[in-house]
file model_36.txt (compact mmCIF, C-alpha atoms)
# COMPACT_ATOMS: atom_id res chain seq x y z
CA MET I 1 -34.37 79.84 -310.97
CA SER I 2 -31.20 77.84 -311.57
CA LEU I 3 -28.13 77.85 -309.33
CA ALA I 4 -26.19 79.60 -312.12
CA ASP I 5 -28.81 82.39 -312.13
CA GLN I 6 -28.55 82.76 -308.37
CA ILE I 7 -24.76 82.96 -308.54
CA GLU I 8 -25.02 85.53 -311.34
CA ALA I 9 -27.27 87.66 -309.12
CA LEU I 10 -24.83 87.44 -306.19
CA LEU I 11 -21.86 88.28 -308.39
CA PHE I 12 -23.76 91.22 -309.88
CA VAL I 13 -24.20 92.85 -306.48
CA ALA I 14 -20.77 91.92 -305.14
CA ASP I 15 -18.21 94.69 -305.43
CA GLU I 16 -15.25 92.36 -304.95
CA PRO I 17 -14.36 88.81 -306.06
CA ALA I 18 -16.39 86.11 -304.29
CA ASN I 19 -14.91 82.65 -303.87
CA ALA I 20 -16.72 79.34 -304.22
CA ARG I 21 -16.89 78.79 -300.47
CA THR I 22 -18.55 82.15 -299.79
CA LEU I 23 -21.06 81.55 -302.56
CA ALA I 24 -21.74 78.01 -301.32
CA THR I 25 -22.36 79.28 -297.78
CA ALA I 26 -24.69 82.02 -299.00
CA LEU I 27 -26.66 79.65 -301.22
CA GLN I 28 -26.49 76.69 -298.81
CA VAL I 29 -25.11 74.31 -301.40
CA THR I 30 -21.77 72.51 -301.72
CA GLU I 31 -18.66 74.07 -303.22
CA GLY I 32 -18.74 71.41 -305.94
CA GLN I 33 -22.24 72.49 -306.94
CA VAL I 34 -21.10 76.11 -307.03
CA GLU I 35 -18.16 75.25 -309.25
CA GLN I 36 -20.39 73.32 -311.65
CA ALA I 37 -22.84 76.23 -311.76
CA LEU I 38 -19.96 78.67 -312.35
CA GLU I 39 -18.94 76.64 -315.42
CA VAL I 40 -22.50 76.82 -316.73
CA LEU I 41 -22.61 80.56 -316.07
CA ASP I 42 -19.22 81.07 -317.72
CA ARG I 43 -20.32 79.28 -320.91
CA ARG I 44 -23.60 81.17 -321.02
CA LEU I 45 -21.97 84.57 -320.56
CA GLU I 46 -19.32 83.84 -323.19
CA GLU I 47 -22.03 83.01 -325.71
CA LYS I 48 -23.87 86.30 -325.45
CA GLY I 49 -24.03 89.59 -323.63
CA SER I 50 -21.45 92.15 -322.60
CA LEU I 51 -20.37 90.50 -319.35
CA ARG I 52 -18.05 87.62 -318.59
CA LEU I 53 -17.03 85.65 -315.55
CA VAL I 54 -13.53 86.70 -314.48
CA GLN I 55 -11.47 84.60 -312.12
CA LEU I 56 -9.08 86.83 -310.16
CA ALA I 57 -7.82 87.75 -306.69
CA GLY I 58 -8.91 84.46 -305.20
CA GLY I 59 -12.50 84.57 -306.45
CA TYR I 60 -14.96 85.25 -309.23
CA GLN I 61 -16.36 88.54 -310.39
CA LEU I 62 -18.50 89.79 -313.22
CA GLY I 63 -16.59 92.05 -315.58
CA THR I 64 -17.17 93.53 -318.97
CA LYS I 65 -15.77 91.91 -322.11
CA PRO I 66 -12.68 93.65 -323.55
CA GLU I 67 -14.52 94.54 -326.79
CA TYR I 68 -16.69 96.95 -324.78
CA ALA I 69 -13.68 98.70 -323.22
CA ASN I 70 -13.71 101.71 -325.54
CA ILE I 71 -17.36 102.63 -325.07
CA ILE I 72 -17.12 102.15 -321.29
CA ALA I 73 -13.97 104.28 -321.15
CA ALA I 74 -15.75 107.00 -323.12
CA PHE I 75 -18.63 106.85 -320.65
CA LEU I 76 -16.70 106.60 -317.36
CA LYS I 77 -13.62 108.56 -318.41
CA PRO I 78 -11.41 106.60 -316.00
CA GLN I 79 -8.02 108.04 -315.10
CA ARG I 80 -5.90 104.94 -315.43
CA GLN I 81 -2.36 105.76 -314.50
CA LYS I 82 0.32 103.60 -316.03
CA LEU I 83 2.94 102.20 -313.70
CA SER I 84 6.40 103.58 -314.42
CA LYS I 85 9.36 101.29 -315.03
CA SER I 86 10.75 101.83 -311.53
CA LEU I 87 7.35 101.16 -309.92
CA MET I 88 7.00 97.95 -311.94
CA GLU I 89 10.49 96.89 -310.90
CA VAL I 90 9.81 97.41 -307.18
CA LEU I 91 6.42 95.75 -307.50
CA ALA I 92 7.96 92.68 -309.17
CA ILE I 93 10.69 92.45 -306.52
CA VAL I 94 8.07 92.58 -303.75
CA ALA I 95 5.76 90.14 -305.53
CA TYR I 96 8.45 87.49 -306.00
CA ASN I 97 10.28 87.88 -302.69
CA GLN I 98 7.61 88.88 -300.21
CA PRO I 99 7.70 89.59 -297.39
CA LEU I 100 10.78 91.80 -297.58
CA THR I 101 12.09 95.05 -296.20
CA MET I 102 12.88 98.33 -297.93
CA ALA I 103 16.61 97.62 -297.45
CA GLU I 104 16.24 94.27 -299.20
CA ILE I 105 14.40 95.89 -302.11
CA GLU I 106 17.18 98.45 -302.38
CA GLN I 107 19.79 95.69 -302.20
CA VAL I 108 18.28 94.01 -305.26
CA ARG I 109 17.82 97.25 -307.21
CA GLY I 110 21.00 98.96 -306.07
CA VAL I 111 19.18 102.30 -305.83
CA GLN I 112 17.08 104.11 -303.25
CA SER I 113 13.47 102.95 -303.51
CA ASP I 114 11.53 104.71 -300.76
CA TYR I 115 9.58 106.88 -303.21
CA SER I 116 8.51 103.86 -305.29
CA VAL I 117 7.53 101.88 -302.21
CA ARG I 118 5.44 104.79 -300.91
CA ALA I 119 3.78 105.26 -304.31
CA LEU I 120 2.90 101.55 -304.47
CA VAL I 121 1.50 101.66 -300.93
CA GLU I 122 -0.64 104.66 -301.90
CA ARG I 123 -1.94 102.76 -304.89
CA ARG I 124 -2.76 99.87 -302.56
CA LEU I 125 -0.61 97.45 -304.59
CA ILE I 126 1.71 96.66 -301.69
CA GLN I 127 1.21 96.96 -297.96
CA ASP I 128 2.90 96.65 -294.60
CA VAL I 129 2.58 92.96 -293.65
CA GLY I 130 4.56 92.95 -290.42
CA ARG I 131 7.97 93.56 -288.93
CA LYS I 132 11.19 91.64 -289.47
CA PRO I 133 12.55 90.26 -286.18
CA VAL I 134 15.99 91.84 -286.56
CA PRO I 135 17.49 94.91 -284.89
CA GLY I 136 15.40 97.96 -285.81
CA ARG I 137 12.39 95.76 -286.62
CA PRO I 138 12.02 97.10 -290.20
CA VAL I 139 8.65 96.99 -291.95
CA LEU I 140 8.04 94.01 -294.21
CA TYR I 141 6.16 94.61 -297.45
CA GLY I 142 3.92 92.24 -299.38
CA THR I 143 1.45 92.52 -302.24
CA THR I 144 -2.27 93.13 -301.73
CA GLN I 145 -5.52 91.70 -303.08
CA GLU I 146 -5.69 94.87 -305.17
CA PHE I 147 -2.42 93.83 -306.83
CA LEU I 148 -3.93 90.48 -307.79
CA HIS I 149 -7.04 92.29 -309.03
CA GLN I 150 -5.19 94.85 -311.10
CA PHE I 151 -3.00 92.22 -312.77
CA LYS I 152 -5.81 89.67 -313.19
CA LEU I 153 -4.03 87.06 -311.09
CA TYR I 154 -5.98 84.46 -309.15
CA ASP I 155 -3.15 84.08 -306.63
CA LEU I 156 0.61 84.53 -306.40
CA LYS I 157 1.20 81.13 -308.01
CA ASP I 158 -0.01 82.71 -311.25
CA LEU I 159 2.94 85.12 -311.38
CA PRO I 160 4.91 84.79 -314.64
CA PRO I 161 8.20 82.90 -314.32
CA ILE I 162 11.36 84.99 -313.86
CA ASP I 163 13.41 84.93 -317.07
CA PRO I 164 12.78 81.28 -318.05
CA ASN I 165 15.67 81.29 -320.55
CA ARG I 166 18.25 82.45 -318.04
CA GLU I 167 19.26 78.93 -316.99
CA GLU I 168 19.42 77.69 -320.58
CA ILE I 169 21.60 80.61 -321.71
CA SER I 170 24.15 80.09 -318.98
CA THR I 171 24.22 76.34 -319.60
CA SER I 172 24.83 76.81 -323.31
CA LEU I 173 27.60 79.31 -322.58
CA PHE I 174 29.32 76.78 -320.38
CA ASP I 175 28.89 74.08 -323.04
CA GLU I 176 30.75 76.16 -325.62
CA HIS I 177 33.82 76.41 -323.43
CA MET N 1 73.28 109.13 -283.79
CA ALA N 2 73.05 106.04 -286.01
CA PRO N 3 71.96 106.69 -289.56
CA ARG N 4 68.44 105.55 -290.43
CA GLN N 5 69.69 103.12 -293.04
CA SER N 6 71.81 101.16 -290.58
CA LEU N 7 68.93 100.94 -288.12
CA ALA N 8 66.63 99.65 -290.80
CA GLU N 9 69.11 96.97 -291.73
CA ARG N 10 69.17 95.55 -288.20
CA SER N 11 65.59 94.33 -288.20
CA ALA N 12 63.65 96.10 -290.85
CA ILE N 13 59.86 96.37 -290.74
CA SER N 14 59.63 98.36 -293.86
CA ALA N 15 56.03 97.56 -294.74
CA LEU N 16 54.78 100.10 -292.22
CA GLY N 17 57.59 102.50 -292.96
CA VAL N 18 58.63 102.17 -289.33
CA ILE N 19 62.29 102.23 -288.48
CA ALA N 20 63.13 99.00 -286.73
CA PRO N 21 63.05 99.27 -282.95
CA PRO N 22 66.26 98.65 -281.08
CA PRO N 23 66.83 95.26 -279.55
CA ILE N 24 64.77 95.67 -276.40
CA HIS N 25 64.39 92.25 -274.86
CA VAL N 26 60.88 91.34 -273.74
CA THR N 27 60.19 88.52 -271.37
CA THR N 28 56.56 87.73 -270.63
CA PRO N 29 54.82 84.45 -269.73
CA THR N 30 53.71 84.08 -273.33
CA PHE N 31 56.46 85.70 -275.34
CA ASP N 32 60.18 85.87 -275.02
CA GLY N 33 62.18 87.81 -277.54
CA SER N 34 62.94 91.25 -278.85
CA LEU N 35 60.39 94.02 -279.23
CA ALA N 36 61.08 93.97 -282.97
CA MET N 37 60.27 90.25 -283.06
CA LEU N 38 57.06 90.77 -281.09
CA PHE N 39 56.01 93.57 -283.44
CA GLN N 40 56.65 91.35 -286.46
CA CYS N 41 54.85 88.35 -284.94
CA VAL N 42 51.78 90.41 -284.07
CA ARG N 43 51.63 91.89 -287.58
CA ASP N 44 51.92 88.41 -289.09
CA HIS N 45 49.26 87.07 -286.69
CA LYS N 46 51.71 84.55 -285.28
CA VAL N 47 51.15 85.82 -281.75
CA HIS N 48 47.77 86.73 -280.34
CA LEU N 49 48.23 90.11 -278.74
CA LEU N 50 45.55 89.45 -276.12
CA ASP N 51 47.81 86.75 -274.65
CA VAL N 52 50.77 89.12 -274.29
CA PRO N 53 50.80 91.43 -271.24
CA LEU N 54 52.12 94.80 -272.38
CA TYR N 55 52.93 96.15 -268.95
CA PRO N 56 56.31 94.32 -268.67
CA ILE N 57 57.12 95.43 -272.21
CA CYS N 58 56.49 99.06 -271.29
CA GLU N 59 58.72 98.54 -268.24
CA SER N 60 61.46 97.17 -270.50
CA TYR N 61 61.10 100.22 -272.69
CA PHE N 62 61.47 102.63 -269.76
CA LEU N 63 64.45 100.63 -268.54
CA TYR N 64 65.97 100.96 -271.98
CA LEU N 65 65.35 104.72 -271.95
CA ILE N 66 66.92 105.14 -268.50
CA ASN N 67 69.98 103.12 -269.43
CA LEU N 68 70.45 104.82 -272.77
CA ASP N 69 73.99 106.11 -272.64
CA ASP N 70 74.22 108.19 -275.74
CA ALA N 71 70.78 109.58 -276.53
CA ASN N 72 69.71 107.88 -279.76
CA LEU N 73 66.41 109.53 -280.44
CA ASP N 74 65.82 107.67 -283.70
CA GLU N 75 66.06 104.35 -281.92
CA ALA N 76 63.95 105.51 -279.02
CA ALA N 77 61.33 106.89 -281.37
CA ALA N 78 61.28 103.67 -283.39
CA ALA N 79 60.78 101.64 -280.22
CA LEU N 80 58.06 104.03 -279.07
CA SER N 81 56.15 103.81 -282.33
CA ALA N 82 56.32 100.00 -282.25
CA LEU N 83 55.10 99.98 -278.67
CA ALA N 84 52.36 102.51 -279.42
CA TYR N 85 51.18 100.32 -282.31
CA LEU N 86 51.00 97.29 -280.01
CA LEU N 87 49.16 99.26 -277.31
CA GLU N 88 46.62 100.63 -279.75
CA ARG N 89 46.02 97.23 -281.30
CA LYS N 90 45.52 95.69 -277.90
CA ALA N 91 43.22 98.53 -276.77
CA TRP N 92 40.97 97.93 -279.76
CA LEU N 93 41.01 94.19 -279.11
CA LEU N 94 39.94 94.76 -275.53
CA LEU N 95 36.94 96.87 -276.45
CA PRO N 96 33.73 94.86 -276.06
CA VAL N 97 32.31 94.06 -279.49
CA GLU N 98 28.87 92.57 -279.77
CA ASP N 99 28.95 89.47 -281.93
CA PRO N 100 26.36 89.69 -284.69
CA GLU N 101 23.82 86.91 -284.61
CA PRO N 102 24.77 84.01 -286.91
CA ASP N 103 21.53 84.41 -288.92
CA MET N 104 22.30 88.07 -289.55
CA ILE N 105 25.78 87.27 -290.84
CA GLU N 106 24.29 84.78 -293.27
CA GLU N 107 21.70 87.33 -294.36
CA MET N 108 24.35 89.99 -294.83
CA MET N 109 26.52 87.66 -296.86
CA GLU N 110 23.64 86.38 -298.94
CA LEU N 111 23.54 88.05 -302.31
CA PRO N 112 20.10 88.78 -303.66
CA SER N 113 19.16 86.47 -306.44
CA PRO N 114 17.94 87.18 -308.99
CA THR N 115 19.00 90.80 -309.45
CA ALA N 116 16.67 93.50 -310.75
CA TYR N 117 17.88 92.90 -314.31
CA GLU N 118 16.62 89.33 -314.25
CA TYR N 119 13.05 90.42 -313.51
CA GLU N 120 12.75 92.11 -316.89
CA VAL N 121 10.89 89.26 -318.61
CA ALA N 122 8.48 88.93 -315.69
CA ILE N 123 7.96 92.70 -315.58
CA GLU N 124 7.13 92.75 -319.28
CA SER N 125 4.57 89.94 -318.80
CA LEU N 126 3.04 91.76 -315.83
CA ARG N 127 2.88 94.99 -317.81
CA ILE N 128 0.98 93.24 -320.63
CA TRP N 129 -1.41 91.61 -318.13
CA HIS N 130 -1.97 94.98 -316.50
CA GLU N 131 -2.91 96.49 -319.85
CA GLU N 132 -5.21 93.55 -320.66
CA ARG N 133 -6.84 93.86 -317.28
CA ALA N 134 -7.43 97.57 -317.92
CA GLN N 135 -9.78 96.53 -320.74
CA ILE N 136 -12.11 94.82 -318.24
CA PHE N 137 -14.39 96.94 -316.08
CA PHE N 138 -15.91 95.83 -312.82
CA ARG N 139 -18.60 97.16 -310.62
CA SER N 140 -16.95 99.89 -308.59
CA PRO N 141 -16.88 99.42 -304.80
CA GLU N 142 -18.04 103.04 -304.49
CA SER N 143 -20.91 102.64 -306.94
CA GLY N 144 -23.60 102.63 -304.28
CA PRO N 145 -25.21 105.79 -302.91
CA ASP N 146 -23.11 107.72 -300.40
CA THR N 147 -24.10 107.26 -296.78
CA TYR N 148 -23.82 110.95 -296.01
CA GLU N 149 -25.15 113.92 -297.86
CA LEU N 150 -23.00 117.01 -298.32
CA PRO N 151 -24.56 120.26 -297.13
CA VAL N 152 -23.19 122.01 -300.21
CA ASN N 153 -23.23 120.97 -303.83
CA LEU N 154 -19.75 119.92 -304.92
CA GLU N 155 -20.90 118.50 -308.27
CA ASN N 156 -18.95 115.29 -308.83
CA VAL N 157 -17.07 115.30 -305.49
CA SER N 158 -18.71 112.83 -303.10
CA THR N 159 -18.25 112.33 -299.36
CA GLY N 160 -16.41 109.12 -300.28
CA ASP N 161 -13.93 111.14 -302.36
CA LEU N 162 -13.35 113.54 -299.48
CA ALA N 163 -12.90 110.66 -297.05
CA LYS N 164 -10.34 109.09 -299.38
CA ALA N 165 -8.46 112.39 -299.60
CA LEU N 166 -8.29 112.55 -295.80
CA GLU N 167 -7.21 108.92 -295.53
CA LYS N 168 -4.39 109.60 -297.97
CA LEU N 169 -3.26 112.60 -295.93
CA LEU N 170 -3.40 110.62 -292.67
CA ARG N 171 -1.22 107.86 -294.10
CA ARG N 172 1.67 110.37 -294.28
CA ALA N 173 1.13 111.76 -290.79
CA LYS N 174 3.98 111.51 -288.30
CA PRO N 175 3.47 110.09 -284.78
CA GLU N 176 1.89 112.48 -282.32
CA ALA N 177 4.39 114.42 -280.23
CA VAL N 178 3.93 114.43 -276.47
CA LYS N 179 2.46 117.81 -275.58
CA PRO N 180 2.51 119.52 -272.20
CA LEU N 181 -0.80 119.58 -270.39
CA ASN N 182 -3.17 122.52 -270.70
CA LYS N 183 -1.57 123.75 -273.88
CA PRO N 184 -3.93 126.28 -275.42
CA ARG N 185 -5.59 124.75 -278.45
CA LYS N 186 -5.68 126.56 -281.74
CA SER N 187 -9.22 127.63 -282.56
CA LEU N 188 -10.92 126.41 -285.71
CA SER N 189 -11.19 129.98 -286.98
CA ASP N 190 -7.41 130.38 -286.57
CA GLN N 191 -6.89 127.17 -288.50
CA MET N 192 -9.35 128.34 -291.18
CA ARG N 193 -7.31 131.52 -291.60
CA ILE N 194 -4.16 129.41 -292.11
CA VAL N 195 -5.93 127.16 -294.62
CA LEU N 196 -7.39 130.12 -296.48
CA HIS N 197 -3.95 131.69 -296.63
CA THR N 198 -2.49 128.45 -298.03
CA LEU N 199 -5.16 127.96 -300.68
CA THR N 200 -4.48 129.55 -304.03
CA ASP N 201 -6.36 129.84 -307.29
CA GLU N 202 -4.43 126.79 -308.46
CA TRP N 203 -5.99 123.38 -307.79
CA GLN N 204 -3.89 121.38 -305.32
CA SER N 205 -4.26 118.06 -303.54
CA LEU N 206 -4.25 117.83 -299.74
CA GLU N 207 -0.71 116.45 -299.77
CA GLN N 208 0.46 119.49 -301.69
CA LEU N 209 -1.36 121.88 -299.38
CA VAL N 210 -0.33 120.47 -296.02
CA GLN N 211 3.39 120.79 -295.47
CA GLU N 212 5.16 117.76 -293.99
CA PRO N 213 5.85 116.86 -291.26
CA TYR N 214 2.44 116.91 -289.59
CA THR N 215 0.69 114.75 -287.02
CA ARG N 216 -2.64 112.96 -287.40
CA SER N 217 -4.48 115.51 -285.28
CA GLU N 218 -2.96 118.37 -287.29
CA ALA N 219 -4.12 116.64 -290.49
CA VAL N 220 -7.65 116.20 -289.12
CA TYR N 221 -7.75 119.80 -287.91
CA TRP N 222 -6.54 121.00 -291.30
CA PHE N 223 -9.24 118.93 -293.02
CA LEU N 224 -11.98 120.20 -290.70
CA ALA N 225 -11.01 123.80 -291.41
CA LEU N 226 -11.02 123.07 -295.12
CA LEU N 227 -14.49 121.49 -294.93
CA GLU N 228 -15.75 124.54 -293.04
CA LEU N 229 -14.31 126.84 -295.71
CA ILE N 230 -16.01 124.74 -298.42
CA ARG N 231 -19.29 125.04 -296.53
CA LEU N 232 -18.83 128.81 -296.35
CA GLY N 233 -18.06 128.93 -300.05
CA GLN N 234 -14.52 130.18 -299.56
CA ALA N 235 -12.89 126.99 -300.78
CA ALA N 236 -13.78 124.74 -303.69
CA ALA N 237 -13.15 121.07 -304.44
CA GLN N 238 -13.13 119.06 -307.62
CA ILE N 239 -11.95 115.68 -308.88
CA GLU N 240 -8.70 115.63 -310.85
CA GLY N 241 -7.56 112.19 -311.89
CA GLU N 242 -7.82 109.97 -308.84
CA ASP N 243 -7.47 112.85 -306.38
CA VAL N 244 -9.73 115.51 -304.93
CA VAL N 245 -8.09 118.89 -305.42
CA PHE N 246 -8.84 122.13 -303.63
CA ALA N 247 -8.53 125.81 -304.45
CA ARG N 248 -9.69 129.17 -303.17
CA ALA N 249 -13.29 129.66 -304.25
CA SER N 250 -13.94 132.47 -306.68
CA ARG N 251 -17.47 133.13 -305.45
CA LYS N 252 -18.05 135.31 -302.40
CA PRO N 253 -20.00 133.82 -299.51
CA ASN N 254 -23.38 135.28 -298.92
CA GLU N 255 -24.10 137.11 -295.69
CA ALA N 256 -25.95 134.25 -294.03
CA GLU N 257 -23.08 131.88 -294.70
CA ALA N 258 -20.48 134.34 -293.48
CA LYS N 259 -22.38 134.94 -290.25
CA SER N 260 -22.75 131.22 -289.56
call {"tool": "encode", "arguments": {"input": "model_36.txt", "output": "structure tokens"}}
result
Amino acid sequence: MSLADQIEALLFVADEPANARTLATALQVTEGQVEQALEVLDRRLEEKGSLRLVQLAGGYQLGTKPEYANIIAAFLKPQRQKLSKSLMEVLAIVAYNQPLTMAEIEQVRGVQSDYSVRALVERRLIQDVGRKPVPGRPVLYGTTQEFLHQFKLYDLKDLPPIDPNREEISTSLFDEH
Amino acid sequence: MAPRQSLAERSAISALGVIAPPPIHVTTPTFDGSLAMLFQCVRDHKVHLLDVPLYPICESYFLYLINLDDANLDEAAAALSALAYLLERKAWLLLPVEDPEPDMIEEMMELPSPTAYEYEVAIESLRIWHEERAQIFFRSPESGPDTYELPVNLENVSTGDLAKALEKLLRRAKPEAVKPLNKPRKSLSDQMRIVLHTLTDEWQSLEQLVQEPYTRSEAVYWFLALLELIRLGQAAAQIEGEDVVFARASRKPNEAEAKS
């Protein structure tokens, strides 16, 4: 029974991403050994079978390969609700500026956002992360582990850059004049 | 009575549309000059009104009124309006105003950057990642057997689903109001009657059924009554999307159930 097999077994029963440290503690090996074994497991799963090792939300989890999505969807009939444009906008504002208050979200958007914030809280994509030490002590919002999971992000450093061409466009405009 | 035009020419303060006050001389420790000059200086922020005592100016005005030989109401009114302006300005200045904290001023002045428009590229990337992620399936956290068994068969509705529905309802609950002691408590059968009356043949989620605002205990009581009605076969539950929805049950409860 190899270390990769043991990790596969643990990841099979885990219902949330497990990080290298947790796995190392459970298996009483070093984190380095776990990471090496994870690479072995990743290669082996990519070669054959319907599962793959997915790195997300600060850990590793076994997930199905995208080519099996249709048959699984036909079997499970999941109700995946798409996020509307306004929900995506609020989510992005929270993700890039967290923690921030409802008033700050509305300041960026220029429109009332309480419905979107509540909908995102209900979907467990954002949550109350504390209170801002200003008069009224408004609630501060931040993203959740579920957000990382649903967008296949390992951590917040993996967020896509905000409009990478913005700086270049403005520079070129200034150059012309 | 002097015509308005000639008064205005003497020392016009036309910006406010005020006829220039007559030459009332004001002598205070911080200002010495005419009332018209004081008015002008205050408006131009050349004199700080807090440094000028208005009491002697008011005295000068009354003196002027007493010594007014031929009653020139236009002049008197002009002087009064100038004085009233100064008094009002000073009254506002004397009101205690809490200075905002320096940090707050900076925060208020700070413009958000970037604006919502500039997130568009990032939002598009996130949307694509979300769709890609939707193609991967993971072991569901609720995939294990339920800890509790339901006394009635609700087909695909599990205890976990019902618990999630209650949790969702509780998240919207308002803080508990302070109630007087010994308030008679509504019985569960009363609550069941209310719930039964609210249920329709149309499937509705708990949030649609329970009218806001409600407290946590009201939400729990509502849920308990609903569970009891399900047990008695008078209410039904089913999964619709991600929610558990409820409706009035079409089947009649049997006698044993009704008695219990």
call {"tool": "residues_around", "arguments": {"input": "model_36.txt", "residues": "Ala119 of chain I", "least_positions_apart": "6", "cutoff": "12 Å", "atoms": "all atoms listed in the file", "output": "MDAnalysis selection string"}}
result
(chainID I and resid 81 83:84 86:88 90:91 113 125:127) or (chainID N and resid 168 171:172)
call {"tool": "closest_atom_pairs", "arguments": {"input": "model_36.txt", "of": "chain N", "to": "chain I", "cutoff": "7 Å", "atoms": "all atoms listed in the file", "output": "tab-separated table"}}
result
residue	atom	partner	partner_atom	distance
N:Pro112	CA	I:Val108	CA	5.8
N:Thr115	CA	I:Val108	CA	5.3
N:Ala116	CA	I:Arg109	CA	5.3
N:Glu118	CA	I:Asp163	CA	6.1
N:Tyr119	CA	I:Ile162	CA	5.7
N:Val121	CA	I:Asp163	CA	5.2
N:Ala122	CA	I:Ile162	CA	5.2
N:Ile123	CA	I:Ala92	CA	6.4
N:Ser125	CA	I:Pro160	CA	6.6
N:Leu126	CA	I:Phe151	CA	6.8
N:Trp129	CA	I:Phe151	CA	5.6
N:His130	CA	I:Phe151	CA	4.8
N:Arg133	CA	I:Lys152	CA	5.9
N:Gln135	CA	I:Pro66	CA	5.0
N:Ile136	CA	I:Thr64	CA	5.3
N:Phe137	CA	I:Thr64	CA	5.3
N:Phe138	CA	I:Gly63	CA	4.7
N:Arg139	CA	I:Asp15	CA	5.8
N:Ser140	CA	I:Asp15	CA	6.2
N:Pro141	CA	I:Asp15	CA	5.0
N:Gly241	CA	I:Gln79	CA	5.3
N:Glu242	CA	I:Gln79	CA	6.6
call {"tool": "closest_residue", "arguments": {"input": "model_36.txt", "among": "N:Asp51, N:Glu228, N:Glu59, N:Asp161", "to": "Glu240 of chain N", "atoms": "all atoms listed in the file"}}
result
N:Asp161
call {"tool": "atom_distance", "arguments": {"input": "model_36.txt", "atom1": "atom CA of Phe75 of chain I", "atom2": "atom CA of Leu41 of chain I"}}
result
27.0 Å
call {"tool": "residues_around", "arguments": {"input": "model_36.txt", "residues": "segment 84-99 of chain N", "least_positions_apart": "4", "cutoff": "10 Å", "atoms": "only C-alpha atoms", "output": "ChimeraX atom specification"}}
result
/N:35,38-39,42-43,48-55,58,78-80,105
call {"tool": "closest_residue", "arguments": {"input": "model_36.txt", "among": "I:Glu46, I:Asp5, I:Glu146, I:Asp128", "to": "Met102 of chain I", "atoms": "only C-alpha atoms"}}
result
I:Asp128
call {"tool": "atom_distance", "arguments": {"input": "model_36.txt", "atom1": "atom CA of Asn67 of chain N", "atom2": "atom CA of Ser34 of chain N"}}
result
16.7 Å
call {"tool": "closest_residue", "arguments": {"input": "model_36.txt", "among": "N:Ile57, N:Leu232, N:Gln40, N:Thr30", "to": "Val152 of chain N", "atoms": "all atoms listed in the file"}}
result
N:Leu232
call {"tool": "atom_distance", "arguments": {"input": "model_36.txt", "atom1": "atom CA of Pro99 of chain I", "atom2": "atom CA of Gly142 of chain I"}}
result
5.0 Å
call {"tool": "residues_around", "arguments": {"input": "model_36.txt", "residues": "Ala18 of chain I", "least_positions_apart": "4", "cutoff": "10 Å", "atoms": "only C-alpha atoms", "output": "list in words"}}
result
Ile7, Leu10, Leu11, Ala14, Thr22, Leu23, Gln55, Leu56, Ala57, Gly58, Gly59, Tyr60, Gln61 and Leu62 of chain I
call {"tool": "residues_around", "arguments": {"input": "model_36.txt", "residues": "Glu35 of chain I", "least_positions_apart": "6", "cutoff": "10 Å", "atoms": "only C-alpha atoms", "output": "PyMOL selection string"}}
result
chain I and resi 4+19-21+23-24+41
call {"tool": "closest_residue", "arguments": {"input": "model_36.txt", "among": "I:Leu100, I:Leu53, I:Met1, I:Val111", "to": "Leu38 of chain I", "atoms": "only C-alpha atoms"}}
result
I:Leu53
call {"tool": "closest_residue", "arguments": {"input": "model_36.txt", "among": "N:Ser81, N:Ser189, N:Thr215, N:Gln234", "to": "Asp201 of chain N", "atoms": "all atoms listed in the file"}}
result
N:Gln234
call {"tool": "closest_residue", "arguments": {"input": "model_36.txt", "among": "I:Gly130, I:Tyr154, I:Tyr115, I:Ala74", "to": "Gln98 of chain I", "atoms": "all atoms listed in the file"}}
result
I:Gly130
